[in-house]
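Coordinates as given in protein_14.cif (mmCIF, C-alpha atoms (C1' of nucleotides)):
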data_data
#
loop_
_atom_site.label_atom_id
_atom_site.label_comp_id
_atom_site.auth_asym_id
_atom_site.auth_seq_id
_atom_site.Cartn_x
_atom_site.Cartn_y
_atom_site.Cartn_z
CA MET A 28 0.00 0.00 0.00
CA LYS A 29 1.28 3.42 -0.89
CA LYS A 30 1.46 5.38 2.30
CA SER A 31 0.03 8.85 2.49
CA LEU A 32 1.78 11.52 4.45
CA ALA A 33 -0.84 11.15 7.15
CA ASP A 34 -0.15 7.42 7.31
CA ARG A 35 3.56 7.98 7.72
CA ILE A 36 3.13 10.50 10.47
CA GLU A 37 0.74 8.14 12.21
CA GLN A 38 3.28 5.33 12.06
CA TYR A 39 6.04 7.53 13.30
CA ILE A 40 4.04 8.58 16.32
CA LYS A 41 3.07 5.00 17.07
CA VAL A 42 6.66 3.88 16.98
CA LEU A 43 7.56 6.62 19.42
CA ILE A 44 4.82 5.46 21.73
CA ASP A 45 5.91 1.84 21.42
CA ARG A 46 9.38 2.78 22.45
CA SER A 47 8.32 4.94 25.34
CA GLU A 48 8.32 3.53 28.80
CA GLU A 49 5.02 5.04 29.84
CA LYS A 50 3.21 4.46 26.57
CA GLN A 51 2.95 8.19 26.37
CA ILE A 52 4.80 10.80 24.38
CA GLU A 53 5.05 14.53 24.17
CA ILE A 54 5.77 16.14 20.87
CA GLN A 55 5.97 19.63 19.51
CA ARG A 56 3.61 19.96 16.67
CA ALA A 57 5.79 22.37 14.71
CA GLU A 58 8.86 20.22 15.14
CA LEU A 59 7.14 17.11 13.87
CA ALA A 60 5.79 19.08 10.94
CA GLU A 61 9.35 20.16 10.23
CA THR A 62 10.50 16.54 10.28
CA PHE A 63 7.95 15.67 7.64
CA SER A 64 8.25 18.94 5.75
CA CYS A 65 4.59 19.71 6.03
CA VAL A 66 2.34 22.31 7.56
CA PRO A 67 1.67 22.00 11.30
CA SER A 68 -2.03 21.54 10.80
CA GLN A 69 -1.24 18.28 9.03
CA VAL A 70 -0.09 16.94 12.37
CA THR A 71 -3.29 18.16 13.98
CA TYR A 72 -5.18 16.34 11.27
CA VAL A 73 -3.38 13.07 11.94
CA ILE A 74 -3.89 13.33 15.65
CA SER A 75 -7.53 14.16 15.42
CA THR A 76 -8.34 11.41 12.97
CA ARG A 77 -6.12 8.59 14.27
CA PHE A 78 -5.55 9.13 17.94
CA GLN A 79 -9.09 9.29 19.18
CA GLU A 80 -10.38 7.68 22.33
CA LYS A 81 -12.24 5.08 20.39
CA TYR A 82 -8.91 3.84 19.13
CA GLY A 83 -7.45 3.77 22.60
CA TYR A 84 -5.60 7.06 22.78
CA TYR A 85 -6.21 10.26 24.56
CA THR A 86 -4.51 13.55 24.00
CA GLU A 87 -3.76 16.73 25.88
CA SER A 88 -1.95 19.83 24.75
CA ARG A 89 -0.80 23.27 25.66
CA ARG A 90 -0.36 26.27 23.42
CA GLY A 91 2.15 29.04 23.62
CA GLY A 92 5.80 28.89 24.55
CA LYS A 93 6.92 25.43 25.62
CA GLY A 94 3.75 24.08 24.14
CA PHE A 95 3.29 20.39 23.44
CA VAL A 96 0.91 17.67 22.46
CA ARG A 97 0.84 14.67 24.73
CA ILE A 98 -0.57 11.40 23.48
CA THR A 99 -1.28 8.54 25.84
CA ARG A 100 -2.20 5.04 24.84
CA PHE A 101 -4.45 3.04 27.09
CA THR A 102 -5.61 -0.50 26.89
CA ILE A 103 -8.90 -0.95 25.21
CA SER A 104 -11.05 -3.97 25.54
CA SER A 105 -13.67 -5.35 23.27
CA ASP A 106 -17.06 -4.36 24.42
CA ILE A 107 -18.73 -7.69 24.28
CA CYS A 108 -22.15 -6.12 24.65
CA THR A 109 -21.70 -4.42 21.31
CA ILE A 110 -22.91 -6.38 18.39
CA MET A 111 -19.77 -7.55 16.66
CA ASP A 112 -19.68 -7.83 12.95
CA GLY A 113 -16.74 -9.05 10.94
CA ASP A 114 -15.33 -5.61 10.41
CA LYS A 115 -15.46 -4.72 14.07
CA LEU A 116 -13.77 -7.95 15.04
CA PHE A 117 -11.09 -7.34 12.46
CA ASP A 118 -10.59 -3.79 13.64
CA PHE A 119 -10.23 -5.13 17.14
CA ILE A 120 -7.64 -7.69 16.07
CA ASN A 121 -5.77 -5.11 14.02
CA GLU A 122 -5.68 -2.76 16.94
CA LEU A 123 -4.29 -5.41 19.24
CA MET A 124 -1.58 -6.20 16.72
CA GLU A 125 -0.74 -2.58 16.33
CA LYS A 126 -0.39 -2.24 20.06
CA LYS A 127 1.80 -5.30 20.19
CA MET A 128 -0.58 -7.08 22.48
CA LEU A 129 -0.98 -9.74 19.85
CA ASP A 130 1.80 -10.64 17.49
CA SER A 131 1.06 -10.27 13.83
CA GLU A 132 1.62 -13.96 13.16
CA SER A 133 -1.14 -14.92 15.56
CA GLY A 134 -3.40 -12.11 14.47
CA ASN A 135 -3.21 -12.93 10.79
CA MET A 136 -3.75 -16.58 11.44
CA LEU A 137 -6.78 -15.78 13.53
CA LYS A 138 -8.24 -13.58 10.83
CA HIS A 139 -7.85 -16.29 8.23
CA ILE A 140 -9.38 -18.93 10.41
CA VAL A 141 -12.31 -16.78 11.39
CA LEU A 142 -12.98 -15.83 7.79
CA SER A 143 -12.77 -19.42 6.73
CA ALA A 144 -14.86 -20.72 9.59
CA SER A 145 -17.57 -18.11 9.15
CA SER A 146 -17.88 -18.47 5.41
CA ASP A 147 -20.54 -21.11 5.45
CA LEU A 148 -22.48 -19.92 8.45
CA ALA A 149 -25.88 -18.31 8.49
CA ASP A 150 -25.88 -14.71 9.59
CA GLU A 151 -26.90 -15.27 13.17
CA HIS A 152 -24.34 -17.98 13.71
CA ARG A 153 -21.70 -15.88 12.09
CA LYS A 154 -22.36 -13.01 14.45
CA HIS A 155 -22.32 -15.39 17.32
CA LEU A 156 -18.93 -16.65 16.22
CA TYR A 157 -17.53 -13.14 15.92
CA ASN A 158 -18.67 -12.35 19.42
CA SER A 159 -17.30 -15.57 20.82
CA VAL A 160 -13.96 -14.99 19.21
CA ALA A 161 -13.79 -11.45 20.53
CA ARG A 162 -14.64 -12.71 23.98
CA GLY A 163 -12.19 -15.60 23.83
CA LEU A 164 -9.44 -13.34 22.63
CA SER A 165 -10.11 -10.80 25.36
CA GLU A 166 -9.97 -13.56 27.93
CA TYR A 167 -6.80 -14.94 26.55
CA LEU A 168 -5.11 -11.57 26.66
CA ASN A 169 -6.52 -10.74 30.05
CA LEU A 170 -8.30 -7.65 28.90
CA ASN A 171 -11.41 -6.42 30.70
CA MET B 12 -16.68 -17.63 -26.04
CA LYS B 13 -14.76 -14.41 -26.11
CA LYS B 14 -13.44 -13.02 -22.85
CA SER B 15 -15.10 -9.88 -21.73
CA LEU B 16 -13.19 -7.00 -20.26
CA ALA B 17 -14.60 -7.89 -16.85
CA ASP B 18 -13.28 -11.42 -17.25
CA ARG B 19 -9.81 -10.20 -18.10
CA ILE B 20 -9.70 -7.85 -15.14
CA GLU B 21 -10.87 -10.66 -12.90
CA GLN B 22 -8.10 -12.95 -14.16
CA TYR B 23 -5.53 -10.26 -13.73
CA ILE B 24 -6.49 -9.68 -10.12
CA LYS B 25 -6.48 -13.39 -9.39
CA VAL B 26 -3.01 -13.78 -10.78
CA LEU B 27 -1.82 -10.96 -8.58
CA ILE B 28 -3.33 -12.66 -5.56
CA ASP B 29 -1.76 -15.99 -6.53
CA ARG B 30 1.60 -14.39 -6.69
CA SER B 31 1.24 -12.56 -3.40
CA GLU B 32 2.73 -14.02 -0.28
CA GLU B 33 -0.18 -13.16 1.96
CA LYS B 34 -2.93 -14.07 -0.49
CA GLN B 35 -3.84 -10.46 -0.32
CA ILE B 36 -3.33 -7.51 -2.63
CA GLU B 37 -3.86 -3.82 -2.62
CA ILE B 38 -4.66 -2.02 -5.82
CA GLN B 39 -5.59 1.46 -6.83
CA ARG B 40 -8.82 1.37 -8.67
CA ALA B 41 -7.91 4.21 -11.00
CA GLU B 42 -4.54 2.70 -11.81
CA LEU B 43 -6.02 -0.66 -12.70
CA ALA B 44 -8.63 1.08 -14.84
CA GLU B 45 -5.78 2.84 -16.59
CA THR B 46 -4.06 -0.47 -17.23
CA PHE B 47 -7.15 -1.77 -18.95
CA SER B 48 -8.11 1.55 -20.52
CA CYS B 49 -11.52 1.57 -18.98
CA VAL B 50 -13.52 3.64 -16.55
CA PRO B 51 -12.80 3.13 -12.84
CA SER B 52 -16.30 1.94 -12.11
CA GLN B 53 -15.61 -1.05 -14.33
CA VAL B 54 -13.15 -2.20 -11.70
CA THR B 55 -15.76 -1.69 -9.01
CA TYR B 56 -18.10 -3.81 -11.07
CA VAL B 57 -15.62 -6.65 -11.33
CA ILE B 58 -14.85 -6.55 -7.64
CA SER B 59 -18.43 -6.46 -6.58
CA THR B 60 -19.52 -9.27 -8.84
CA ARG B 61 -16.53 -11.61 -8.60
CA PHE B 62 -14.82 -11.00 -5.31
CA GLN B 63 -17.64 -11.50 -2.88
CA GLU B 64 -17.40 -13.32 0.41
CA LYS B 65 -19.36 -16.23 -0.90
CA TYR B 66 -16.57 -16.83 -3.39
CA GLY B 67 -13.94 -16.64 -0.70
CA TYR B 68 -12.76 -13.07 -0.94
CA TYR B 69 -12.85 -10.29 1.57
CA THR B 70 -12.47 -6.68 0.48
CA GLU B 71 -11.72 -3.40 2.19
CA SER B 72 -11.05 0.01 0.77
CA ARG B 73 -10.27 3.61 1.50
CA ARG B 74 -11.25 6.66 -0.49
CA GLY B 75 -9.42 9.91 -0.90
CA GLY B 76 -5.75 10.58 -1.38
CA LYS B 77 -3.65 7.41 -1.59
CA GLY B 78 -6.81 5.36 -1.49
CA PHE B 79 -6.82 1.65 -2.23
CA VAL B 80 -8.84 -1.50 -2.53
CA ARG B 81 -7.54 -4.50 -0.63
CA ILE B 82 -8.68 -7.98 -1.56
CA THR B 83 -7.97 -10.98 0.64
CA ARG B 84 -8.60 -14.55 -0.39
CA PHE B 85 -9.59 -17.11 2.16
CA THR B 86 -10.70 -20.68 1.91
CA ILE B 87 -14.35 -21.46 1.98
CA SER B 88 -14.96 -24.53 4.04
CA SER B 89 -16.89 -27.06 2.06
CA ASP B 90 -18.89 -29.80 3.65
CA ILE B 91 -17.40 -31.65 6.47
CA CYS B 92 -15.78 -34.89 5.54
CA THR B 93 -13.56 -35.55 8.48
CA ILE B 94 -15.26 -36.03 11.77
CA MET B 95 -13.43 -33.69 14.08
CA ASP B 96 -14.08 -33.52 17.73
CA GLY B 97 -12.47 -31.25 20.25
CA ASP B 98 -9.80 -33.71 21.25
CA LYS B 99 -8.75 -34.38 17.69
CA LEU B 100 -8.53 -30.71 16.94
CA PHE B 101 -6.43 -30.13 20.02
CA ASP B 102 -4.19 -33.04 19.14
CA PHE B 103 -3.81 -31.58 15.71
CA ILE B 104 -2.86 -28.18 17.08
CA ASN B 105 -0.43 -29.73 19.56
CA GLU B 106 1.19 -31.73 16.81
CA LEU B 107 1.68 -28.64 14.71
CA MET B 108 3.26 -26.89 17.63
CA GLU B 109 5.60 -29.79 18.30
CA LYS B 110 6.63 -29.79 14.70
CA LYS B 111 7.25 -26.06 14.94
CA MET B 112 4.81 -25.39 12.17
CA LEU B 113 2.80 -23.27 14.53
CA ASP B 114 4.37 -21.28 17.28
CA SER B 115 3.18 -22.00 20.76
CA GLU B 116 1.92 -18.49 21.26
CA SER B 117 -0.48 -18.80 18.34
CA GLY B 118 -1.40 -22.36 19.17
CA ASN B 119 -2.28 -21.66 22.76
CA MET B 120 -4.28 -18.66 21.85
CA LEU B 121 -6.18 -20.64 19.27
CA LYS B 122 -6.97 -23.37 21.74
CA HIS B 123 -8.23 -20.89 24.23
CA ILE B 124 -10.44 -19.13 21.73
CA VAL B 125 -11.85 -22.32 20.31
CA LEU B 126 -12.67 -23.60 23.76
CA SER B 127 -14.31 -20.37 24.69
CA ALA B 128 -16.21 -20.06 21.45
CA SER B 129 -17.44 -23.62 21.48
CA SER B 130 -18.62 -23.61 25.06
CA ASP B 131 -22.07 -22.35 24.31
CA LEU B 132 -22.72 -24.19 21.08
CA ALA B 133 -24.98 -27.13 20.45
CA ASP B 134 -23.18 -30.32 19.57
CA GLU B 135 -23.60 -30.15 15.84
CA HIS B 136 -22.45 -26.55 15.67
CA ARG B 137 -19.53 -27.31 17.88
CA LYS B 138 -18.38 -30.09 15.60
CA HIS B 139 -18.82 -27.82 12.67
CA LEU B 140 -16.66 -25.21 14.35
CA TYR B 141 -13.92 -27.73 15.06
CA ASN B 142 -13.89 -28.79 11.47
CA SER B 143 -13.86 -25.25 10.17
CA VAL B 144 -11.01 -24.31 12.43
CA ALA B 145 -9.01 -27.35 11.41
CA ARG B 146 -9.59 -26.55 7.79
CA GLY B 147 -8.83 -22.87 8.17
CA LEU B 148 -5.67 -23.67 10.02
CA SER B 149 -4.54 -26.16 7.42
CA GLU B 150 -5.17 -23.61 4.77
CA TYR B 151 -3.34 -20.89 6.59
CA LEU B 152 -0.32 -23.11 7.03
CA ASN B 153 -0.50 -24.32 3.45
CA LEU B 154 -0.92 -27.92 4.46
CA ASN B 155 -3.03 -30.31 2.31
"C1'" DC C 28 -36.23 -11.12 -29.83
"C1'" DC C 29 -35.47 -11.22 -24.86
"C1'" DC C 30 -32.86 -11.44 -20.87
"C1'" DT C 31 -28.89 -10.89 -18.32
"C1'" DA C 32 -24.29 -9.35 -17.89
"C1'" DT C 33 -21.33 -5.70 -19.11
"C1'" DT C 34 -19.81 -1.06 -20.17
"C1'" DT C 35 -19.92 3.85 -19.46
"C1'" DG C 36 -20.20 8.16 -17.38
"C1'" DA C 37 -22.27 11.71 -14.42
"C1'" DC C 38 -22.65 12.55 -9.79
"C1'" DT C 39 -21.61 11.59 -4.55
"C1'" DT C 40 -18.97 10.64 -0.57
"C1'" DT C 41 -14.84 10.35 1.92
"C1'" DA C 42 -9.94 11.33 2.88
"C1'" DT C 43 -5.97 14.20 2.58
"C1'" DT C 44 -3.25 18.39 2.02
"C1'" DT C 45 -2.56 23.25 2.55
"C1'" DG C 46 -2.78 27.77 4.28
"C1'" DA C 47 -4.84 31.82 6.34
"C1'" DC C 48 -6.51 33.23 10.55
"C1'" DT C 49 -7.47 32.67 15.87
"C1'" DT C 50 -6.56 31.50 20.58
"C1'" DT C 51 -3.76 30.64 24.47
"C1'" DC C 52 0.62 30.56 26.92
"C1'" DT C 53 5.22 32.26 28.29
"C1'" DT C 54 8.58 35.69 28.64
"C1'" DC C 55 10.57 40.08 28.85
"C1'" DG C 56 10.92 45.02 29.54
"C1'" DT C 57 9.28 48.59 32.26
"C1'" DA D 3 3.05 43.49 38.65
"C1'" DC D 4 1.47 44.47 33.93
"C1'" DG D 5 1.18 44.71 29.28
"C1'" DA D 6 3.22 43.77 24.84
"C1'" DA D 7 5.60 40.63 21.95
"C1'" DG D 8 6.45 36.34 20.45
"C1'" DA D 9 5.74 31.26 20.47
"C1'" DA D 10 2.89 27.43 19.82
"C1'" DA D 11 -1.16 25.06 19.19
"C1'" DG D 12 -6.13 25.12 17.34
"C1'" DT D 13 -9.83 26.04 13.73
"C1'" DC D 14 -11.78 26.05 9.48
"C1'" DA D 15 -12.53 26.02 4.81
"C1'" DA D 16 -10.79 25.46 0.06
"C1'" DA D 17 -8.42 22.50 -3.19
"C1'" DT D 18 -7.38 18.03 -4.65
"C1'" DA D 19 -7.40 12.93 -4.77
"C1'" DA D 20 -9.68 8.55 -4.87
"C1'" DA D 21 -13.24 5.37 -4.35
"C1'" DG D 22 -18.47 4.42 -4.42
"C1'" DT D 23 -23.28 4.71 -6.49
"C1'" DC D 24 -26.57 4.36 -9.81
"C1'" DA D 25 -28.87 4.20 -13.90
"C1'" DA D 26 -28.80 4.42 -18.94
"C1'" DA D 27 -26.93 2.25 -22.96
"C1'" DT D 28 -25.09 -1.78 -25.19
"C1'" DA D 29 -23.64 -6.51 -26.22
"C1'" DG D 30 -24.16 -11.46 -26.52
"C1'" DG D 31 -26.08 -15.89 -25.68
"C1'" DG D 32 -30.21 -18.73 -25.96
#

Once more with this new file: its structure as structure tokens, please.
Amino acid sequence: MKKSLADRIEQYIKVLIDRSEEKQIEIQRAELAETFSCVPSQVTYVISTRFQEKYGYYTESRRGGKGFVRITRFTISSDICTIMDGDKLFDFINELMEKKMLDSESGNMLKHIVLSASSDLADEHRKHLYNSVARGLSEYLNLN
Amino acid sequence: MKKSLADRIEQYIKVLIDRSEEKQIEIQRAELAETFSCVPSQVTYVISTRFQEKYGYYTESRRGGKGFVRITRFTISSDICTIMDGDKLFDFINELMEKKMLDSESGNMLKHIVLSASSDLADEHRKHLYNSVARGLSEYLNLN
DNA sequence: CCCTATTTGACTTTATTTGACTTTCTTCGT
DNA sequence: ACGAAGAAAGTCAAATAAAGTCAAATAGGG
């Protein structure tokens, strides 16, 4: 996949968070923009589209001199009460891989198996399977 | 019977998937349309008629700058031939782990999820699940 | 000839990039 | 201590890039 500028900035930030001890980083918006030779508001765009709470991040910032943007990653858990469809389950798995809570080998295998196993199921059973897998995975990883 | 444009595009995509390591490709709709000198919506037509889930393909896409269409092929489980029960499936997974064809991380996770997911299924559905998982796993590991 | 699959293109929706303008802090000089 | 200047971040809307939708037109097989 050809990466857009926004994608590259997103990755860069995620790597920084991975490497941080506290799963939290502080950046200067202008500095990061400089690194990627883009306008500062591009960074704002990336943060506001990719680092939302629903993806397991929350952000704080301060303007003016010595300003910063702080991004903190927290552990999400699948909300089993939500109706899971295939896409949601896959998003969940992708997110876990991204956060290194699930290695990509295991994650990809799981996606293939779920796809394969759900292919000949009626809709209700398929949904049931998605939910069960989400639940089983959460249990296995000790989320919740 | 002369091959239609749609047929040729379909073939082309399938060859790309065959050649890919992950049985998954990402294309740019407009680029592919360019290759075949046709309108972009022709590509959409091909994808929506030939790469449906019921044929064993899963698609995702993103619009806007650096957009893409991702197509993943998975194996559709056909009717169950082998009678698989839980113990056999677990033996199978253990064997794969012993032979280092499946790392223990993935194997253990899979066992956990299958157990969890099968716990509230009626007998017939449970057996079906075991079989599907065995098949999906075989496929993923390129056994057969 | 009729029916279905294909082809085409106008229009819609979504995502990204950019830049001008606004708001909020900090610092520095009086 | 206070106000002005400067430093950073935020907001918003326009411009551009791609993919999706839908329906009319056409082609081909039976």

Chain B in the frame of chain A after full C-alpha superposition, as an mmCIF file with C-alpha atoms, keeping the file's coordinate frame:
data_model
loop_
_atom_site.group_PDB
_atom_site.id
_atom_site.type_symbol
_atom_site.label_atom_id
_atom_site.label_comp_id
_atom_site.auth_asym_id
_atom_site.auth_seq_id
_atom_site.Cartn_x
_atom_site.Cartn_y
_atom_site.Cartn_z
ATOM 1 C CA MET B 12 4.678 16.325 -6.902
ATOM 2 C CA LYS B 13 6.458 18.251 -4.222
ATOM 3 C CA LYS B 14 5.813 17.341 -0.608
ATOM 4 C CA SER B 15 3.954 19.927 1.323
ATOM 5 C CA LEU B 16 4.857 20.851 4.849
ATOM 6 C CA ALA B 17 1.757 19.023 6.053
ATOM 7 C CA ASP B 18 2.917 15.905 4.239
ATOM 8 C CA ARG B 19 6.327 16.039 5.852
ATOM 9 C CA ILE B 20 4.885 16.478 9.319
ATOM 10 C CA GLU B 21 2.545 13.579 8.684
ATOM 11 C CA GLN B 22 5.443 11.342 7.632
ATOM 12 C CA TYR B 23 7.463 12.371 10.614
ATOM 13 C CA ILE B 24 4.692 11.466 13.020
ATOM 14 C CA LYS B 25 4.129 8.137 11.317
ATOM 15 C CA VAL B 26 7.766 7.235 11.603
ATOM 16 C CA LEU B 27 7.664 8.024 15.287
ATOM 17 C CA ILE B 28 4.659 5.767 15.701
ATOM 18 C CA ASP B 29 6.352 2.991 13.722
ATOM 19 C CA ARG B 30 9.306 3.141 15.986
ATOM 20 C CA SER B 31 7.267 3.175 19.171
ATOM 21 C CA GLU B 32 6.712 -0.017 21.065
ATOM 22 C CA GLU B 33 3.091 0.656 21.877
ATOM 23 C CA LYS B 34 2.121 2.081 18.497
ATOM 24 C CA GLN B 35 1.432 5.225 20.376
ATOM 25 C CA ILE B 36 3.269 8.508 20.767
ATOM 26 C CA GLU B 37 2.989 11.655 22.745
ATOM 27 C CA ILE B 38 4.177 14.910 21.290
ATOM 28 C CA GLN B 39 4.120 18.518 22.276
ATOM 29 C CA ARG B 40 2.449 20.484 19.598
ATOM 30 C CA ALA B 41 4.624 23.544 20.080
ATOM 31 C CA GLU B 42 7.806 21.503 20.054
ATOM 32 C CA LEU B 43 6.917 19.763 16.821
ATOM 33 C CA ALA B 44 6.011 23.117 15.289
ATOM 34 C CA GLU B 45 9.429 24.335 16.345
ATOM 35 C CA THR B 46 11.064 21.363 14.666
ATOM 36 C CA PHE B 47 9.389 22.251 11.410
ATOM 37 C CA SER B 48 9.610 26.007 11.906
ATOM 38 C CA CYS B 49 5.923 26.520 11.528
ATOM 39 C CA VAL B 50 3.008 27.746 13.574
ATOM 40 C CA PRO B 51 1.529 25.313 16.111
ATOM 41 C CA SER B 52 -1.839 25.272 14.421
ATOM 42 C CA GLN B 53 -0.171 23.679 11.417
ATOM 43 C CA VAL B 54 0.366 20.619 13.572
ATOM 44 C CA THR B 55 -3.271 20.690 14.609
ATOM 45 C CA TYR B 56 -4.171 20.810 10.950
ATOM 46 C CA VAL B 57 -2.093 17.761 10.133
ATOM 47 C CA ILE B 58 -3.492 15.810 13.040
ATOM 48 C CA SER B 59 -7.051 16.667 12.303
ATOM 49 C CA THR B 60 -6.832 15.879 8.626
ATOM 50 C CA ARG B 61 -4.585 12.810 8.663
ATOM 51 C CA PHE B 62 -4.957 11.120 11.998
ATOM 52 C CA GLN B 63 -8.670 10.579 12.169
ATOM 53 C CA GLU B 64 -10.375 7.467 13.437
ATOM 54 C CA LYS B 65 -11.410 6.460 9.981
ATOM 55 C CA TYR B 66 -7.738 6.158 9.103
ATOM 56 C CA GLY B 67 -7.033 4.084 12.167
ATOM 57 C CA TYR B 68 -5.758 6.638 14.626
ATOM 58 C CA TYR B 69 -7.098 7.708 17.957
ATOM 59 C CA THR B 70 -6.016 10.987 19.520
ATOM 60 C CA GLU B 71 -6.191 12.537 22.957
ATOM 61 C CA SER B 72 -4.694 15.707 24.298
ATOM 62 C CA ARG B 73 -4.288 17.969 27.268
ATOM 63 C CA ARG B 74 -3.863 21.716 27.308
ATOM 64 C CA GLY B 75 -1.968 23.860 29.735
ATOM 65 C CA GLY B 76 1.379 23.304 31.358
ATOM 66 C CA LYS B 77 3.098 20.103 30.217
ATOM 67 C CA GLY B 78 0.323 19.549 27.729
ATOM 68 C CA PHE B 79 0.558 16.926 25.013
ATOM 69 C CA VAL B 80 -1.097 15.268 22.079
ATOM 70 C CA ARG B 81 -1.204 11.489 22.144
ATOM 71 C CA ILE B 82 -1.793 9.549 18.956
ATOM 72 C CA THR B 83 -2.556 5.839 18.975
ATOM 73 C CA ARG B 84 -2.671 3.690 15.881
ATOM 74 C CA PHE B 85 -5.021 0.780 15.683
ATOM 75 C CA THR B 86 -5.966 -1.567 12.919
ATOM 76 C CA ILE B 87 -9.075 -0.911 10.958
ATOM 77 C CA SER B 88 -10.861 -4.135 10.282
ATOM 78 C CA SER B 89 -11.483 -4.529 6.608
ATOM 79 C CA ASP B 90 -14.150 -6.764 5.219
ATOM 80 C CA ILE B 91 -14.556 -10.126 6.676
ATOM 81 C CA CYS B 92 -12.840 -12.868 4.799
ATOM 82 C CA THR B 93 -12.652 -15.595 7.355
ATOM 83 C CA ILE B 94 -15.909 -16.933 8.599
ATOM 84 C CA MET B 95 -15.562 -16.812 12.344
ATOM 85 C CA ASP B 96 -18.116 -18.177 14.665
ATOM 86 C CA GLY B 97 -18.071 -18.133 18.419
ATOM 87 C CA ASP B 98 -16.515 -21.545 18.769
ATOM 88 C CA LYS B 99 -13.701 -20.768 16.381
ATOM 89 C CA LEU B 100 -12.938 -17.545 18.144
ATOM 90 C CA PHE B 101 -12.871 -19.300 21.483
ATOM 91 C CA ASP B 102 -10.652 -22.024 20.098
ATOM 92 C CA PHE B 103 -8.371 -19.359 18.783
ATOM 93 C CA ILE B 104 -8.187 -17.623 22.144
ATOM 94 C CA ASN B 105 -7.610 -20.922 23.945
ATOM 95 C CA GLU B 106 -4.830 -21.803 21.561
ATOM 96 C CA LEU B 107 -3.120 -18.501 22.171
ATOM 97 C CA MET B 108 -3.345 -19.054 25.876
ATOM 98 C CA GLU B 109 -1.901 -22.543 25.599
ATOM 99 C CA LYS B 110 0.949 -21.202 23.574
ATOM 100 C CA LYS B 111 1.499 -18.546 26.219
ATOM 101 C CA MET B 112 1.035 -15.812 23.692
ATOM 102 C CA LEU B 113 -1.848 -14.509 25.716
ATOM 103 C CA ASP B 114 -1.976 -14.785 29.444
ATOM 104 C CA SER B 115 -4.925 -16.589 30.890
ATOM 105 C CA GLU B 116 -6.091 -13.555 32.787
ATOM 106 C CA SER B 117 -6.484 -11.551 29.591
ATOM 107 C CA GLY B 118 -7.868 -14.472 27.652
ATOM 108 C CA ASN B 119 -10.557 -15.300 30.150
ATOM 109 C CA MET B 120 -11.581 -11.739 30.466
ATOM 110 C CA LEU B 121 -11.821 -11.417 26.721
ATOM 111 C CA LYS B 122 -13.968 -14.498 26.451
ATOM 112 C CA HIS B 123 -16.283 -13.238 29.095
ATOM 113 C CA ILE B 124 -16.657 -9.840 27.498
ATOM 114 C CA VAL B 125 -17.186 -11.218 24.034
ATOM 115 C CA LEU B 126 -19.836 -13.590 25.284
ATOM 116 C CA SER B 127 -21.570 -10.849 27.147
ATOM 117 C CA ALA B 128 -21.341 -8.375 24.313
ATOM 118 C CA SER B 129 -22.541 -10.804 21.695
ATOM 119 C CA SER B 130 -25.504 -12.073 23.649
ATOM 120 C CA ASP B 131 -27.900 -9.463 22.426
ATOM 121 C CA LEU B 132 -26.735 -9.169 18.849
ATOM 122 C CA ALA B 133 -28.397 -10.416 15.713
ATOM 123 C CA ASP B 134 -26.557 -13.206 13.976
ATOM 124 C CA GLU B 135 -24.833 -11.144 11.350
ATOM 125 C CA HIS B 136 -23.620 -8.588 13.861
ATOM 126 C CA ARG B 137 -22.451 -11.301 16.155
ATOM 127 C CA LYS B 138 -20.357 -12.862 13.430
ATOM 128 C CA HIS B 139 -18.998 -9.489 12.591
ATOM 129 C CA LEU B 140 -18.015 -8.971 16.206
ATOM 130 C CA TYR B 141 -16.244 -12.318 16.351
ATOM 131 C CA ASN B 142 -14.278 -11.472 13.280
ATOM 132 C CA SER B 143 -13.374 -8.024 14.510
ATOM 133 C CA VAL B 144 -12.214 -9.371 17.819
ATOM 134 C CA ALA B 145 -10.123 -12.046 16.160
ATOM 135 C CA ARG B 146 -8.564 -9.474 13.916
ATOM 136 C CA GLY B 147 -7.977 -6.975 16.686
ATOM 137 C CA LEU B 148 -6.410 -9.634 18.812
ATOM 138 C CA SER B 149 -4.143 -10.804 16.032
ATOM 139 C CA GLU B 150 -3.084 -7.270 15.471
ATOM 140 C CA TYR B 151 -2.448 -6.612 19.107
ATOM 141 C CA LEU B 152 -0.281 -9.690 19.365
ATOM 142 C CA ASN B 153 1.497 -8.894 16.122
ATOM 143 C CA LEU B 154 0.427 -12.113 14.493
ATOM 144 C CA ASN B 155 -0.244 -12.249 10.709
#

Check your understanding: In Å, with one decimal, what is the gap from atom CA of A:Lys30 to atom C1' of D:DA19?
Key ->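 These atoms are spaced 13.6 Å apart.
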
Contact residues around C:DC52 with only C-alpha atoms (C1' of nucleotides) at 7 Å, ignoring same-chain residues under 6 positions, as a PDB file with C-alpha atoms, keeping the file's coordinate frame:
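To be explicit, this is the file written out as out.pdb:
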ATOM      1  CA  ARG A  90      -0.360  26.270  23.420  1.00  0.00           C
ATOM      2  CA  GLY A  91       2.150  29.040  23.620  1.00  0.00           C
ATOM      3  CA  GLY A  92       5.800  28.890  24.550  1.00  0.00           C
TER       4      GLY A  92
END

Check your understanding: Residues around (-9.7, 0.3, 1.5), cut-off 10 Å, counting all atoms listed in the file - what are they as a VMD selection string?
Key -> (chain A and resid 28) or (chain B and resid 37 to 39 70 to 75 77 to 82) or (chain D and resid 21)

**Study point:** Residue list for chain B near chain A as a list of chain:residue names, 7 Å, only C-alpha atoms
**Key:**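 In the required form, that comes to B:Glu37, B:Lys65, B:Lys77, B:Phe85, B:Thr86, B:Ile87, B:Ser88, B:Ser117, B:Met120, B:His123, B:Ile124, B:Ser127, B:Ala128, B:Leu140, B:Ser143, B:Val144, B:Gly147, B:Leu148, B:Tyr151.
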